[in-house]
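Novice: Let me begin by handing over the structure; questions about it come next.
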Amino acid sequence: MTNSNDKFADIRPYNDEEVAASVERLLNDDAFISVIAEHNLPSWLRAIPFLGNYLVKSKLRNKYGKFKTVDEVQQAVSRYLDILVKRTTSKVTFSGLDKLDKNKAYLFISNHRDIALDPAFVNYGLFQNNMKTVRIAIGDNLLQVPYMTELMRLNKSFIVKRSVKSPKEMLRTLTTLSHYIYDSLDSGNSVWIAQKEGRAKDGNDVTDPALIKMLQLHGRKLKMDFADYVKSINVVPVAISYEFEPCEKAKAKEQYHKATFGEYKKAQGEDIASIIEGFATNKGHVHLSFGEPITSDCDTPDQLAETIDNYIHKNYFLHPNNYLAAESAEHEICDDAKRVYHSRFEGVAPELHEFIKQIYAKPVFNQK
């Protein structure tokens with residue numbers, strides 16, 4: 001339940017008092033139940049939808065139907081992440097977390113390789129380190145169906161309204177977003193946001209200065225110098241590296257279409273399919289490098305964007321795939337790693353090969 005004084009009501013995550021009603025809406029959403037059934041039931045049971053959906057709904061109600069707090073949701077998500085890590089990674093490692101103060105709130109800005117996994121792994125590291133999990137910035141392009149809105153807002157996600165058209169409305173929306181991020185940090189809640197809109201489908205991790213300008217909007221309202229405002233919001237860059245890039249073939253296909261036809265139009269539900277594929281496929285070794293809060297004087301959004309980029313490029317953990325794609329002779333790569341790398345291209349259309357190579361090679365060139 002929201003009140004009329006809740007200025008962030010339409011974008012913020014759910015509060016404890018809203019959890020039970022949201023869970024109930026999910027349990028009564030046939031589309032949500034069908035998606036869960038499709039990805040969890042054996043084929044013979046999927047062939048009898050009314051029975052399969054009934055069983056899924058009953059199991060979900062028994063497991064989650066009594067949830068009443070955000071913390072209960074977070075505990076369930078952490079258990080799911082443990083299973084995900086065991087099933088789909090060889091290991092997940094972290095560096096830099098020991099240099100962060102557990103009692104401080106940070107604005108984590110990371111490179112963006114997967115819609116849902118990037119913030120999930122940031123949270124996984126924080127949770128393992130006994131730190132509060134983040135509030136997650138999520139574009140409204142992912143909220144095409146009601147159950148995605150429920151799932152995201154239950155999991156501490158707040159909405160970035162990208163679909164707004166008029167410049168006046170866009171400025172109002174971005175100002176509210178900037179204010180919400182500041183208020184979150186000021187009240188002791190860390191925030192995660194990607195360095196740019198959309199994933200780095202070409203492997204090139206670059207911060208969009210427009211993102212930094214959005215963050216600055218509330219600083220202007222407070223009449224703070226840009227450099228001082230940056231220091232006040234504790235910006236921490238994070239470099240996320242996947243041994244096996246999530247959705248690499250889909251990313252290569254999109255890059256190929258753009259290069260060949262000038263544009264690529266996403267199919268309805270493609271973002272949701274990417275989330276499911278990212279969670280399900282093998283990611284190998286995943287490493288996250290957390291920086292320290294940026295305190296050097298960044299007087300402009302461009303300077304801050306460059307500082308974030310420098311950290312991410314320098315601290316991106318390079319795997320054998322990266323060196324092989326970049327044809328780097330500086331590192332000795334074992335035959336097993338070479339076989340694994342070449343197997344990425346088996347059964348892939350030849351015109352996509354170069355685009356997949358680019359995804360893995362670019363971090364090596366950026367680091368140089």
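We name chains A, B, ... following the order of the structure tokens; residues begin at 1 in each chain, and ligands are numbered from 1 as shown.
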Which of stretch 40-235 of chain A end up as helix (DSSP H, G or I) when DSSP is run on this backbone - answer as a PyMOL selection string?

Specialist: chain A and resi 40+43-46+49-64+70-88+97-99+117-128+140-142+146-154+167-186+209-221+226-232

Novice: Which residues, written as a VMD selection string, have at least one atom at most 10 Å from A:Pro320, with only C-alpha atoms counted and residues fewer than 2 positions away on the same chain left out?

Specialist: chain A and resid 243 318 322 to 326 328 331 to 334 337 to 338 340 to 341 360

Novice: Mind dumping a table of every stretch 79-188 of chain A residue within 6 Å of stretch 289-296 of chain A, with the nearest atom pair and its distance in Å to one decimal, using only C-alpha atoms, sorted by chain and rising number, as JSON lines?

Specialist:
```
{"residue": "A:Phe94", "atom": "CA", "partner": "A:Ser289", "partner_atom": "CA", "distance": 5.8}
{"residue": "A:Ser95", "atom": "CA", "partner": "A:Ser289", "partner_atom": "CA", "distance": 4.8}
{"residue": "A:Gly96", "atom": "CA", "partner": "A:Phe290", "partner_atom": "CA", "distance": 4.7}
{"residue": "A:Leu97", "atom": "CA", "partner": "A:Phe290", "partner_atom": "CA", "distance": 6.0}
```

Novice: Between atom CA of A:Leu107 and atom CA of A:Gln74, measure the distance and give it in Å to one decimal.

Specialist: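 These atoms are spaced 19.4 Å apart.
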
Novice: Have a look at atom CA of A:Phe50 and atom CA of A:Ile36 and let me know their distance in Å, one decimal.

Specialist: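 Going from atom CA of A:Phe50 over to atom CA of A:Ile36 covers 13.4 Å.
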
Novice: Would you mind listing what lies within 8 Å of A:Phe67 as a PyMOL selection string, with only C-alpha atoms counted and same-chain residues fewer than 6 positions away left out?

Specialist: chain A and resi 19-20+23+73

Novice: Write out, as an mmCIF file, in the first residue's frame, the residues just selected, with N, CA, C and O atoms.

Specialist:
```
data_model
loop_
_atom_site.group_PDB
_atom_site.id
_atom_site.type_symbol
_atom_site.label_atom_id
_atom_site.label_comp_id
_atom_site.auth_asym_id
_atom_site.auth_seq_id
_atom_site.Cartn_x
_atom_site.Cartn_y
_atom_site.Cartn_z
ATOM 1 N N VAL A 19 4.744 -6.846 0.166
ATOM 2 C CA VAL A 19 5.258 -8.136 -0.295
ATOM 3 C C VAL A 19 4.165 -9.187 -0.437
ATOM 4 O O VAL A 19 4.058 -9.863 -1.471
ATOM 5 N N ALA A 20 3.344 -9.357 0.580
ATOM 6 C CA ALA A 20 2.329 -10.426 0.567
ATOM 7 C C ALA A 20 1.382 -10.283 -0.626
ATOM 8 O O ALA A 20 1.080 -11.263 -1.318
ATOM 9 N N VAL A 23 3.243 -11.231 -3.902
ATOM 10 C CA VAL A 23 3.393 -12.682 -4.023
ATOM 11 C C VAL A 23 2.068 -13.307 -4.457
ATOM 12 O O VAL A 23 2.031 -14.193 -5.322
ATOM 13 N N VAL A 73 12.292 -12.538 0.980
ATOM 14 C CA VAL A 73 12.502 -12.674 -0.468
ATOM 15 C C VAL A 73 14.003 -12.761 -0.767
ATOM 16 O O VAL A 73 14.454 -13.608 -1.536
#
```

Novice: Of the candidates A:Gly198, A:Pro246, A:Gly219, A:Pro146, which one gets nearest to A:Asp183 if we count only C-alpha atoms?

Specialist: A:Gly219

Novice: Could you give me, as a list in words, the residues within 12 Å of A:Tyr182, counting only C-alpha atoms and dropping anything in the same chain fewer than 6 positions from it?

Specialist: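 Residues meeting the cut-off are Ala105, Tyr106, Leu107, Arg135, Thr175, Thr176, Gly188, Asn189, Ser190, Val191, Met214, Leu215, Gln216, Leu217, His218, Gly219, Lys221, Leu222, Tyr229, Val230, Ser232, Ile233, Asn234 and Val235 of chain A.
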
Novice: So that I can see what lies close to A:Arg199, please list as a PDB file with N, CA, C and O atoms, in the first residue's frame the residues with an atom at most 9 Å from it, counting only C-alpha atoms and leaving out residues fewer than 2 positions away in the same chain.

Specialist:
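File produced: around13.pdb:
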```pdb
ATOM      1  N   ASN A 111      30.377  -2.619 -15.411  1.00  0.00           N
ATOM      2  CA  ASN A 111      30.159  -2.918 -16.827  1.00  0.00           C
ATOM      3  C   ASN A 111      28.927  -3.813 -16.931  1.00  0.00           C
ATOM      4  O   ASN A 111      28.459  -4.375 -15.934  1.00  0.00           O
ATOM      5  N   HIS A 112      28.388  -3.926 -18.150  1.00  0.00           N
ATOM      6  CA  HIS A 112      27.073  -4.554 -18.295  1.00  0.00           C
ATOM      7  C   HIS A 112      27.130  -5.646 -19.358  1.00  0.00           C
ATOM      8  O   HIS A 112      27.153  -5.364 -20.546  1.00  0.00           O
ATOM      9  N   ARG A 113      27.145  -6.906 -18.893  1.00  0.00           N
ATOM     10  CA  ARG A 113      27.223  -8.043 -19.813  1.00  0.00           C
ATOM     11  C   ARG A 113      25.958  -8.898 -19.795  1.00  0.00           C
ATOM     12  O   ARG A 113      25.707  -9.626 -20.743  1.00  0.00           O
ATOM     13  N   ASP A 114      25.188  -8.837 -18.701  1.00  0.00           N
ATOM     14  CA  ASP A 114      23.961  -9.638 -18.628  1.00  0.00           C
ATOM     15  C   ASP A 114      22.895  -8.859 -17.860  1.00  0.00           C
ATOM     16  O   ASP A 114      23.181  -8.244 -16.832  1.00  0.00           O
ATOM     17  N   ILE A 115      21.666  -8.924 -18.367  1.00  0.00           N
ATOM     18  CA  ILE A 115      20.564  -8.139 -17.826  1.00  0.00           C
ATOM     19  C   ILE A 115      20.356  -8.401 -16.338  1.00  0.00           C
ATOM     20  O   ILE A 115      20.224  -7.477 -15.536  1.00  0.00           O
ATOM     21  N   ALA A 194      24.081  -0.037 -14.129  1.00  0.00           N
ATOM     22  CA  ALA A 194      25.017  -0.371 -15.207  1.00  0.00           C
ATOM     23  C   ALA A 194      25.636   0.903 -15.769  1.00  0.00           C
ATOM     24  O   ALA A 194      25.034   1.976 -15.725  1.00  0.00           O
ATOM     25  N   LYS A 196      26.006   1.834 -18.716  1.00  0.00           N
ATOM     26  CA  LYS A 196      25.296   2.403 -19.861  1.00  0.00           C
ATOM     27  C   LYS A 196      24.015   1.615 -20.092  1.00  0.00           C
ATOM     28  O   LYS A 196      23.852   0.497 -19.578  1.00  0.00           O
ATOM     29  N   GLU A 197      23.116   2.196 -20.856  1.00  0.00           N
ATOM     30  CA  GLU A 197      21.878   1.514 -21.206  1.00  0.00           C
ATOM     31  C   GLU A 197      22.198   0.390 -22.189  1.00  0.00           C
ATOM     32  O   GLU A 197      22.870   0.598 -23.192  1.00  0.00           O
ATOM     33  N   LYS A 201      27.321  -5.579 -26.098  1.00  0.00           N
ATOM     34  CA  LYS A 201      27.205  -6.754 -26.970  1.00  0.00           C
ATOM     35  C   LYS A 201      28.433  -6.942 -27.851  1.00  0.00           C
ATOM     36  O   LYS A 201      28.624  -8.008 -28.433  1.00  0.00           O
ATOM     37  N   ASP A 202      29.269  -5.904 -27.963  1.00  0.00           N
ATOM     38  CA  ASP A 202      30.499  -6.026 -28.746  1.00  0.00           C
ATOM     39  C   ASP A 202      31.725  -6.204 -27.857  1.00  0.00           C
ATOM     40  O   ASP A 202      32.857  -6.162 -28.332  1.00  0.00           O
ATOM     41  N   GLY A 203      31.509  -6.413 -26.563  1.00  0.00           N
ATOM     42  CA  GLY A 203      32.628  -6.633 -25.645  1.00  0.00           C
ATOM     43  C   GLY A 203      33.320  -5.366 -25.183  1.00  0.00           C
ATOM     44  O   GLY A 203      34.277  -5.429 -24.410  1.00  0.00           O
ATOM     45  N   ASP A 205      33.414  -2.266 -22.966  1.00  0.00           N
ATOM     46  CA  ASP A 205      32.798  -1.717 -21.752  1.00  0.00           C
ATOM     47  C   ASP A 205      33.106  -0.222 -21.654  1.00  0.00           C
ATOM     48  O   ASP A 205      34.230   0.164 -21.341  1.00  0.00           O
ATOM     49  N   LYS A 251      24.073 -12.104 -28.918  1.00  0.00           N
ATOM     50  CA  LYS A 251      24.752 -10.807 -29.030  1.00  0.00           C
ATOM     51  C   LYS A 251      25.445 -10.677 -30.396  1.00  0.00           C
ATOM     52  O   LYS A 251      25.386  -9.628 -31.040  1.00  0.00           O
TER      53      LYS A 251
END
```

Novice: Which residues in stretch 160-345 of chain A does DSSP call strand (DSSP E or B)? List them as a PyMOL selection string.

Specialist: chain A and resi 160+191-194+235-242+284-290

Novice: With only C-alpha atoms as the basis for distance, which of A:Glu245, A:Asp82, A:Asp208, A:Asp30 is at the shortest distance from A:Gly284?

Specialist: A:Glu245

Novice: Quick one: residues within 12 Å of A:Val85, only C-alpha atoms, excluding same-chain residues fewer than 3 positions away - as a list in words?

Specialist: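 Final neighbour list, sorted by chain and number: Ser78, Arg79, Tyr80, Leu81, Asp82, Thr88, Thr89, Ser90, Lys91, Val92, Thr93, Leu117, Ala120, Phe121, Tyr124, Gly125, Phe279, Ala280, Thr281, Asn282, Lys283, Gly284, His285 and Val286 of chain A.
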
Novice: Tell me, in Å to one decimal, how far atom CA of A:Leu177 is from atom CA of A:Lys7.

Specialist: 10.6 Å

Novice: Could you pull the residues within 7 Å of A:Gln367, counting only C-alpha atoms, minus those fewer than 3 positions along the same chain, as a list in words?

Specialist: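 My reading of the contact set: His313, Lys314, Pro363 and Val364 of chain A.
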
Novice: Pick from A:Ser157, A:Asn141, A:Gln195, A:Thr307: nearest to A:Ile272, with only C-alpha atoms counted?

Specialist: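 For A:Ile272, the nearest of the candidates is A:Asn141.
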
Novice: Have a look at A:Ile276, A:Gly52, A:Arg61, A:Asp302 and name the one nearest to A:Leu84; count only C-alpha atoms.

Specialist: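 Once distances to A:Leu84 are computed over only C-alpha atoms, the minimum belongs to A:Ile276.
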